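Let me begin by presenting the structure, written as structure tokens, before commenting on it.
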Amino acid sequence: MSWARAIKDLEARRQKAQAGGGASRIERQHKQGKMTARERINVLLDPGSFVEIDTLVESRIDDFDLDKRHCTGDGVVVGYGTIEGRRVFVSSEDFTVIGGTLGEAHAQKILHVQDLALENRCPIICINDSGGARIEEGIHSLSGYGGMFLRHTKASGVIPQIAVILGPCSGGACYAPAICDYIFMVRNTSKMFITGPNVVKTVLFEEVTVEELGGADIHATKSGVSHFTYDDEKDCLNGVRRLLSYLPSSFADQPPQVTASAAIPDLSYKLQDIVPDSARASYDVKDVISCLADPDSFMEVQKDFARNAVVGFARLNGQSVGIVANQCANLAGSLDVNASDKIARFVRCCDCFGIPLVTLVDVPAFLPGTAQEHSGIIRHGAKILFAYSEATVPKISLIMRKAYGGAYIAMNSQAMGADYVFAWPIAEIAVMGADGAVNIAFKRKIEAADEPELMRQYCKQQYEDRFLNPYVAASRGYITEVIKPEETRSSLIKALANLKGKCAMPVPKKHGNIPL
């Protein structure tokens with residue numbers, strides 16, 4: 001074959017791959033408000049940086065007339081490029097080709113890029129838009145999912161793994177994103193469920209829509225499966241870019257450092273106005289975070305799930321940190337089953353990638369009641385204890401107000417290995433609040449008094465004066481320093497700087513047995 005003919009043949013094959021499922025299917029994709037696989041990659045990556053690999057791969061399965069539906073590329077685009085100059089690997093499923101279904105060749109392309117990402121210690125972003133397993137290919141498609149699950153698990157804690165759901169993701173396909181570190185979804189576009197509405201209706205006689213079963217808002221608010229939710233694909237993909245700005249390329253690298261501006265204002269002076277001195281009064285802990293973090297740097301994770309806890313990434317003087325906070329505006333900031341899972345997972349992710357933890361404490365208790373006990377609050381709450389105890393990154397806590405009982409211990413207390421624990425002068429650190437303590441410790445004394453209510457108030461005042469302050473804990477070394485609110489940001493920045501060289505190695509073992 002002559003050079004001219006060979007080059008012409010190559011160009012034709014490349015054009016066929018670029019065409020995906022054809023103009024009509026691409027038009028249908030656009031009418032649904034969805035971009036194509038390559039358009040999504042172009043939004044996600046730095047302009048002109050994408051290098052496609054395995055472009056000419058095709059299915060070799062011919063059963064059930066599949067030979068008539070073969071398409072160059074087999075329904076997924078894979079390769080590598082850069083985000084803010086840092087190399088990443090990406091796979092993007094193409095719904096215009098056999099509904100983006102996963103067959104043998106499709107899976108091999110994804111497995112290849114997973115291997116490359118792990119071997120090169122680079123983040124991987126998997127964009128999902130697929131009708132699931134390609135039924136016509138039977139066991140070949142199922143084994144492909146198994147290979148993906150295995151590689152995601154091996155890469156967990158080594159490189160950041162991000163799943164972006166931009167279409168259907170059903171059946172076993174859901175578990176690949178579930179093993180990833182973070183899941184992004186788009187309202188009215190993303191769908192995730194193990195069994196669809198038709199199966200649910202047949203088996204359980206339940207009438208449910210696709211959106212009600214596995215839409216973006218359901219997974220953002222009820223299941224906690226997703227971590228970030230957006231209104232359109234472009235914002236979603238830009239959200240992925242932003243998330244990676246806080247994460248290192250691998251566990252062996254340092255998180256990205258942003259040059260801090262000398263003009264960053266210290267808004268800690270506002271904290272006294274934000275946080276009431278009455279333990280019964282509410283406030284929004286996100287206002288506290290806004291005063292402490294660099295301007296506009298807080299990126300909340302799972303903001304609509306378990307709202308009694310707030311977690312997310314931020315920067316302090318340009319340094320990437322993970323923030324965990326009790327949100328007293330919801331359930332008084334108490335810890336329940338969902339908040340426990342949310343906090344523990346986030347703490348472990350930060351520890352995987354060397355991101356220091358800043359914990360803001362205002363917690364009255366683990367949420368009481370039969371619903372919580374029967375849902376396993378003991379088991380779920382233990383996840384927080386395990387995650388904080390296991391973490392070897394710099395760990396700093398600020399006790400703002402209430403810090404009672406086991407919940408205080410769980411929220412990165414000094415006894416759990418915190419490097420620094422700061423407290424404001426209004427902090428209340430005790431086994432429990434005054435009302436509960438008086439009813440237990442002074443019950444007989446109150447009952448025997450001539451005026452029980454006066455005695456109750458007297459005992460309560462005695463308890464508050466004796467225990468509901470930070471100075472007993474400070475005198476025993478459980479608190480590093482009692483600070484004024486206006487000193488908070490500077491104290492956190494100095495503590496982080498001092499912990500830059502922290503090197504705490506975990507106990508040699510295969511792995512711990514977290515109470516899942």
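Chain identifiers are assigned as A, B, and so on, following the order in which chains appear in the structure tokens; residues are numbered from 1 within each chain, and ligands are numbered from 1 in order of appearance.
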Contact residues around stretch 201-214 of chain A with only C-alpha atoms at 8 Å, ignoring same-chain residues under 6 positions, as a compact mmCIF listing (two decimals) with N, CA and C atoms, in the first residue's frame:
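So around_9.txt came out as:
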# COMPACT_ATOMS: atom_id res chain seq x y z
N ASN A 188 -31.48 16.21 36.79
CA ASN A 188 -32.29 15.86 35.61
C ASN A 188 -31.51 15.14 34.52
N LYS A 191 -28.47 9.59 36.60
CA LYS A 191 -29.34 8.57 37.20
C LYS A 191 -28.49 7.41 37.68
N MET A 192 -28.63 7.04 38.93
CA MET A 192 -27.92 5.89 39.48
C MET A 192 -28.88 5.01 40.26
N PHE A 193 -28.95 3.73 39.93
CA PHE A 193 -29.75 2.78 40.71
C PHE A 193 -29.31 1.37 40.36
* To do: Run DSSP on the backbone and grab whatever in stretch 67-221 of chain A lands in alpha helix (DSSP H); send it over as a PyMOL selection string.
  => chain A and resi 104-119+139-155+175-179+197-204+210-214+216-218
Using the selection just defined, write its residues with N, CA and C atoms as a short mmCIF file (atom, residue, chain, number, x, y, z; two decimals), in the first residue's frame.
data_model
loop_
_atom_site.label_atom_id
_atom_site.label_comp_id
_atom_site.auth_asym_id
_atom_site.auth_seq_id
_atom_site.Cartn_x
_atom_site.Cartn_y
_atom_site.Cartn_z
N GLU A 104 -16.79 -6.14 25.98
CA GLU A 104 -15.41 -6.57 26.23
C GLU A 104 -14.38 -5.50 25.84
N ALA A 105 -14.47 -4.99 24.61
CA ALA A 105 -13.50 -4.01 24.13
C ALA A 105 -13.62 -2.69 24.89
N HIS A 106 -14.85 -2.26 25.11
CA HIS A 106 -15.15 -1.05 25.89
C HIS A 106 -14.46 -1.15 27.26
N ALA A 107 -14.64 -2.28 27.92
CA ALA A 107 -14.05 -2.47 29.25
C ALA A 107 -12.53 -2.47 29.19
N GLN A 108 -11.96 -3.12 28.17
CA GLN A 108 -10.50 -3.19 28.07
C GLN A 108 -9.88 -1.81 27.96
N LYS A 109 -10.57 -0.91 27.27
CA LYS A 109 -10.06 0.47 27.16
C LYS A 109 -10.04 1.16 28.52
N ILE A 110 -11.10 0.99 29.29
CA ILE A 110 -11.15 1.61 30.61
C ILE A 110 -10.11 0.99 31.54
N LEU A 111 -9.98 -0.34 31.49
CA LEU A 111 -8.99 -1.02 32.33
C LEU A 111 -7.58 -0.54 31.99
N HIS A 112 -7.32 -0.32 30.72
CA HIS A 112 -6.00 0.15 30.30
C HIS A 112 -5.69 1.52 30.90
N VAL A 113 -6.65 2.43 30.82
CA VAL A 113 -6.39 3.77 31.34
C VAL A 113 -6.33 3.77 32.86
N GLN A 114 -7.06 2.86 33.51
CA GLN A 114 -6.93 2.72 34.97
C GLN A 114 -5.53 2.27 35.34
N ASP A 115 -5.01 1.30 34.61
CA ASP A 115 -3.65 0.81 34.88
C ASP A 115 -2.62 1.92 34.68
N LEU A 116 -2.78 2.69 33.63
CA LEU A 116 -1.84 3.77 33.36
C LEU A 116 -1.88 4.83 34.46
N ALA A 117 -3.09 5.16 34.92
CA ALA A 117 -3.22 6.16 35.98
C ALA A 117 -2.53 5.71 37.25
N LEU A 118 -2.73 4.46 37.64
CA LEU A 118 -2.11 3.95 38.86
C LEU A 118 -0.59 3.87 38.72
N GLU A 119 -0.13 3.35 37.59
CA GLU A 119 1.32 3.19 37.39
C GLU A 119 2.03 4.53 37.32
N ILE A 139 -21.08 -12.67 29.54
CA ILE A 139 -20.07 -12.70 30.58
C ILE A 139 -18.90 -11.77 30.30
N HIS A 140 -18.67 -11.45 29.02
CA HIS A 140 -17.55 -10.57 28.69
C HIS A 140 -17.74 -9.19 29.32
N SER A 141 -18.98 -8.69 29.31
CA SER A 141 -19.22 -7.39 29.91
C SER A 141 -19.16 -7.46 31.43
N LEU A 142 -19.68 -8.52 31.98
CA LEU A 142 -19.66 -8.65 33.44
C LEU A 142 -18.23 -8.74 33.98
N SER A 143 -17.37 -9.49 33.29
CA SER A 143 -15.99 -9.60 33.75
C SER A 143 -15.28 -8.26 33.64
N GLY A 144 -15.71 -7.43 32.68
CA GLY A 144 -15.14 -6.10 32.57
C GLY A 144 -15.41 -5.27 33.81
N TYR A 145 -16.62 -5.35 34.34
CA TYR A 145 -16.93 -4.64 35.58
C TYR A 145 -16.06 -5.14 36.72
N GLY A 146 -15.86 -6.45 36.79
CA GLY A 146 -15.02 -7.00 37.85
C GLY A 146 -13.61 -6.44 37.79
N GLY A 147 -13.07 -6.31 36.58
CA GLY A 147 -11.74 -5.73 36.44
C GLY A 147 -11.69 -4.28 36.87
N MET A 148 -12.75 -3.54 36.60
CA MET A 148 -12.81 -2.14 37.01
C MET A 148 -12.86 -2.03 38.52
N PHE A 149 -13.70 -2.86 39.16
CA PHE A 149 -13.81 -2.81 40.62
C PHE A 149 -12.46 -3.11 41.27
N LEU A 150 -11.77 -4.13 40.75
CA LEU A 150 -10.48 -4.52 41.30
C LEU A 150 -9.48 -3.37 41.21
N ARG A 151 -9.42 -2.72 40.07
CA ARG A 151 -8.45 -1.63 39.88
C ARG A 151 -8.81 -0.40 40.70
N HIS A 152 -10.09 -0.08 40.80
CA HIS A 152 -10.48 1.05 41.66
C HIS A 152 -10.07 0.78 43.11
N THR A 153 -10.24 -0.44 43.55
CA THR A 153 -9.90 -0.78 44.93
C THR A 153 -8.39 -0.71 45.15
N LYS A 154 -7.61 -1.23 44.21
CA LYS A 154 -6.15 -1.18 44.34
C LYS A 154 -5.65 0.27 44.33
N ALA A 155 -6.31 1.12 43.56
CA ALA A 155 -5.87 2.52 43.45
C ALA A 155 -6.37 3.38 44.60
N TYR A 175 -21.24 0.37 41.02
CA TYR A 175 -20.24 0.11 42.05
C TYR A 175 -18.85 0.62 41.70
N ALA A 176 -18.57 0.84 40.43
CA ALA A 176 -17.29 1.47 40.09
C ALA A 176 -17.24 2.90 40.63
N PRO A 177 -18.25 3.75 40.36
CA PRO A 177 -18.25 5.07 40.99
C PRO A 177 -18.26 5.00 42.52
N ALA A 178 -18.97 4.03 43.07
CA ALA A 178 -19.10 3.94 44.53
C ALA A 178 -17.76 3.71 45.21
N ILE A 179 -16.83 3.05 44.51
CA ILE A 179 -15.50 2.82 45.09
C ILE A 179 -14.60 4.02 44.93
N PRO A 197 -36.95 1.22 37.74
CA PRO A 197 -38.36 1.31 38.14
C PRO A 197 -39.20 0.10 37.72
N ASN A 198 -38.93 -0.46 36.55
CA ASN A 198 -39.72 -1.60 36.10
C ASN A 198 -39.52 -2.82 36.99
N VAL A 199 -38.27 -3.06 37.39
CA VAL A 199 -37.99 -4.19 38.28
C VAL A 199 -38.61 -3.95 39.65
N VAL A 200 -38.49 -2.71 40.14
CA VAL A 200 -39.08 -2.37 41.45
C VAL A 200 -40.58 -2.61 41.43
N LYS A 201 -41.22 -2.22 40.33
CA LYS A 201 -42.67 -2.41 40.21
C LYS A 201 -43.02 -3.89 40.16
N THR A 202 -42.25 -4.67 39.42
CA THR A 202 -42.53 -6.10 39.26
C THR A 202 -42.34 -6.86 40.56
N VAL A 203 -41.27 -6.55 41.28
CA VAL A 203 -40.92 -7.31 42.47
C VAL A 203 -41.63 -6.80 43.72
N LEU A 204 -41.68 -5.49 43.88
CA LEU A 204 -42.22 -4.91 45.11
C LEU A 204 -43.54 -4.18 44.92
N VAL A 210 -37.87 7.28 37.56
CA VAL A 210 -36.41 7.18 37.52
C VAL A 210 -35.78 8.25 38.41
N GLU A 211 -36.32 9.46 38.35
CA GLU A 211 -35.77 10.56 39.16
C GLU A 211 -35.97 10.32 40.65
N GLU A 212 -37.13 9.81 41.01
CA GLU A 212 -37.40 9.52 42.43
C GLU A 212 -36.56 8.37 42.95
N LEU A 213 -36.22 7.47 42.06
CA LEU A 213 -35.46 6.29 42.47
C LEU A 213 -33.97 6.57 42.58
N GLY A 214 -33.42 7.27 41.59
CA GLY A 214 -31.96 7.45 41.60
C GLY A 214 -31.49 8.72 40.95
N ALA A 216 -30.25 12.83 40.85
CA ALA A 216 -29.16 13.53 41.53
C ALA A 216 -29.57 14.03 42.91
N ASP A 217 -30.76 14.61 43.03
CA ASP A 217 -31.17 15.16 44.32
C ASP A 217 -31.41 14.07 45.37
N ILE A 218 -31.89 12.91 44.94
CA ILE A 218 -32.09 11.79 45.87
C ILE A 218 -30.76 11.36 46.47
#
* **Polymer residues at most 12 Å from A:Asp273, only C-alpha atoms, same-chain spacing of 4 or more positions, as a ChimeraX atom specification** => /A:267-269,277,283-284,287-288,291,485-486
* **10 Å contact set for A:Thr82, only C-alpha atoms, chain neighbours under 3 positions out, as a ChimeraX atom specification** => /A:44-51,85-90
* Asked: Near stretch 467-479 of chain A, within 12 Å and counting only C-alpha atoms, which residues show up once chain neighbours fewer than 4 positions away are dropped, as a VMD selection string?
  -> chain A and resid 277 to 279 396 to 404 408 to 409 412 to 435 437 to 438 459 to 463 483
Residue subset to file, keeping N, CA and C atoms, as a compact mmCIF listing (two decimals), in the first residue's frame:
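Produced file selection_7.txt, reproduced below:
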# COMPACT_ATOMS: atom_id res chain seq x y z
N ASP A 277 -22.99 33.37 72.94
CA ASP A 277 -22.39 32.75 74.13
C ASP A 277 -23.36 31.81 74.84
N SER A 278 -24.64 31.87 74.48
CA SER A 278 -25.61 30.93 75.04
C SER A 278 -25.54 29.62 74.27
N ALA A 279 -25.36 28.52 74.99
CA ALA A 279 -25.25 27.21 74.35
C ALA A 279 -26.54 26.78 73.68
N ILE A 396 -5.87 19.42 63.97
CA ILE A 396 -6.07 20.57 64.85
C ILE A 396 -7.56 20.71 65.14
N SER A 397 -7.88 20.96 66.40
CA SER A 397 -9.28 21.15 66.79
C SER A 397 -9.47 22.51 67.45
N LEU A 398 -10.65 23.06 67.23
CA LEU A 398 -11.07 24.29 67.92
C LEU A 398 -12.40 24.01 68.59
N ILE A 399 -12.42 24.08 69.91
CA ILE A 399 -13.67 23.91 70.66
C ILE A 399 -14.31 25.29 70.80
N MET A 400 -15.42 25.47 70.10
CA MET A 400 -16.05 26.79 70.07
C MET A 400 -17.00 26.99 71.24
N ARG A 401 -17.81 25.97 71.51
CA ARG A 401 -18.83 26.12 72.54
C ARG A 401 -19.00 24.78 73.26
N LYS A 402 -20.03 24.01 72.92
CA LYS A 402 -20.30 22.75 73.63
C LYS A 402 -19.36 21.64 73.18
N ALA A 403 -18.89 20.87 74.14
CA ALA A 403 -18.10 19.67 73.85
C ALA A 403 -18.41 18.69 74.96
N TYR A 404 -19.46 17.89 74.74
CA TYR A 404 -19.99 17.05 75.81
C TYR A 404 -19.78 15.56 75.50
N TYR A 408 -17.71 14.66 72.27
CA TYR A 408 -16.52 15.51 72.40
C TYR A 408 -15.25 14.70 72.12
N ILE A 409 -15.19 13.51 72.68
CA ILE A 409 -14.03 12.66 72.46
C ILE A 409 -13.89 12.33 70.97
N ASN A 412 -12.13 14.59 67.37
CA ASN A 412 -10.69 14.88 67.34
C ASN A 412 -10.19 15.53 68.63
N SER A 413 -10.50 14.90 69.74
CA SER A 413 -10.01 15.40 71.03
C SER A 413 -8.52 15.10 71.18
N GLN A 414 -7.92 15.70 72.19
CA GLN A 414 -6.49 15.49 72.44
C GLN A 414 -6.20 14.03 72.74
N ALA A 415 -7.13 13.38 73.45
CA ALA A 415 -6.94 11.98 73.78
C ALA A 415 -6.98 11.08 72.55
N MET A 416 -7.57 11.57 71.47
CA MET A 416 -7.67 10.80 70.22
C MET A 416 -6.52 11.09 69.28
N GLY A 417 -5.55 11.89 69.73
CA GLY A 417 -4.37 12.12 68.92
C GLY A 417 -4.30 13.48 68.25
N ALA A 418 -5.15 14.42 68.63
CA ALA A 418 -5.05 15.76 68.05
C ALA A 418 -3.70 16.38 68.40
N ASP A 419 -3.11 17.07 67.44
CA ASP A 419 -1.81 17.72 67.68
C ASP A 419 -1.98 19.01 68.47
N TYR A 420 -3.00 19.78 68.12
CA TYR A 420 -3.32 21.01 68.84
C TYR A 420 -4.82 21.06 69.08
N VAL A 421 -5.21 21.44 70.29
CA VAL A 421 -6.61 21.68 70.60
C VAL A 421 -6.73 23.07 71.20
N PHE A 422 -7.40 23.94 70.45
CA PHE A 422 -7.66 25.29 70.95
C PHE A 422 -9.10 25.37 71.45
N ALA A 423 -9.35 26.30 72.36
CA ALA A 423 -10.71 26.50 72.87
C ALA A 423 -10.94 27.98 73.10
N TRP A 424 -12.17 28.42 72.83
CA TRP A 424 -12.55 29.78 73.16
C TRP A 424 -12.93 29.85 74.65
N PRO A 425 -12.90 31.03 75.24
CA PRO A 425 -13.24 31.14 76.68
C PRO A 425 -14.65 30.69 77.03
N ILE A 426 -15.58 30.70 76.05
CA ILE A 426 -16.95 30.27 76.35
C ILE A 426 -17.13 28.76 76.19
N ALA A 427 -16.07 28.04 75.86
CA ALA A 427 -16.18 26.61 75.63
C ALA A 427 -16.65 25.88 76.89
N GLU A 428 -17.51 24.88 76.69
CA GLU A 428 -18.04 24.07 77.78
C GLU A 428 -17.63 22.62 77.54
N ILE A 429 -16.69 22.15 78.31
CA ILE A 429 -16.15 20.80 78.11
C ILE A 429 -16.50 19.97 79.34
N ALA A 430 -17.39 19.01 79.15
CA ALA A 430 -17.87 18.24 80.30
C ALA A 430 -18.49 16.94 79.83
N VAL A 431 -18.84 16.10 80.80
CA VAL A 431 -19.49 14.83 80.47
C VAL A 431 -20.86 15.09 79.85
N MET A 432 -21.54 16.10 80.34
CA MET A 432 -22.84 16.48 79.80
C MET A 432 -23.17 17.89 80.21
N GLY A 433 -24.28 18.43 79.67
CA GLY A 433 -24.70 19.77 80.03
C GLY A 433 -25.19 19.85 81.46
N ALA A 434 -25.39 21.08 81.93
CA ALA A 434 -25.71 21.31 83.33
C ALA A 434 -27.04 20.68 83.74
N ASP A 435 -28.07 20.80 82.92
CA ASP A 435 -29.39 20.27 83.30
C ASP A 435 -29.33 18.76 83.52
N ALA A 437 -26.68 16.90 84.11
CA ALA A 437 -25.76 16.55 85.19
C ALA A 437 -26.41 16.76 86.56
N VAL A 438 -27.13 17.86 86.71
CA VAL A 438 -27.78 18.16 87.99
C VAL A 438 -28.83 17.10 88.32
N CYS A 459 -27.43 24.26 92.50
CA CYS A 459 -26.55 23.16 92.08
C CYS A 459 -26.12 23.33 90.63
N LYS A 460 -27.05 23.80 89.83
CA LYS A 460 -26.73 24.03 88.42
C LYS A 460 -25.65 25.09 88.27
N GLN A 461 -25.78 26.17 89.04
CA GLN A 461 -24.78 27.23 88.98
C GLN A 461 -23.42 26.73 89.44
N GLN A 462 -23.43 25.90 90.50
CA GLN A 462 -22.18 25.32 91.00
C GLN A 462 -21.52 24.45 89.93
N TYR A 463 -22.33 23.66 89.25
CA TYR A 463 -21.81 22.76 88.21
C TYR A 463 -21.23 23.58 87.05
N ILE A 483 -7.89 30.55 73.60
CA ILE A 483 -7.61 31.72 72.77
C ILE A 483 -8.85 32.58 72.63
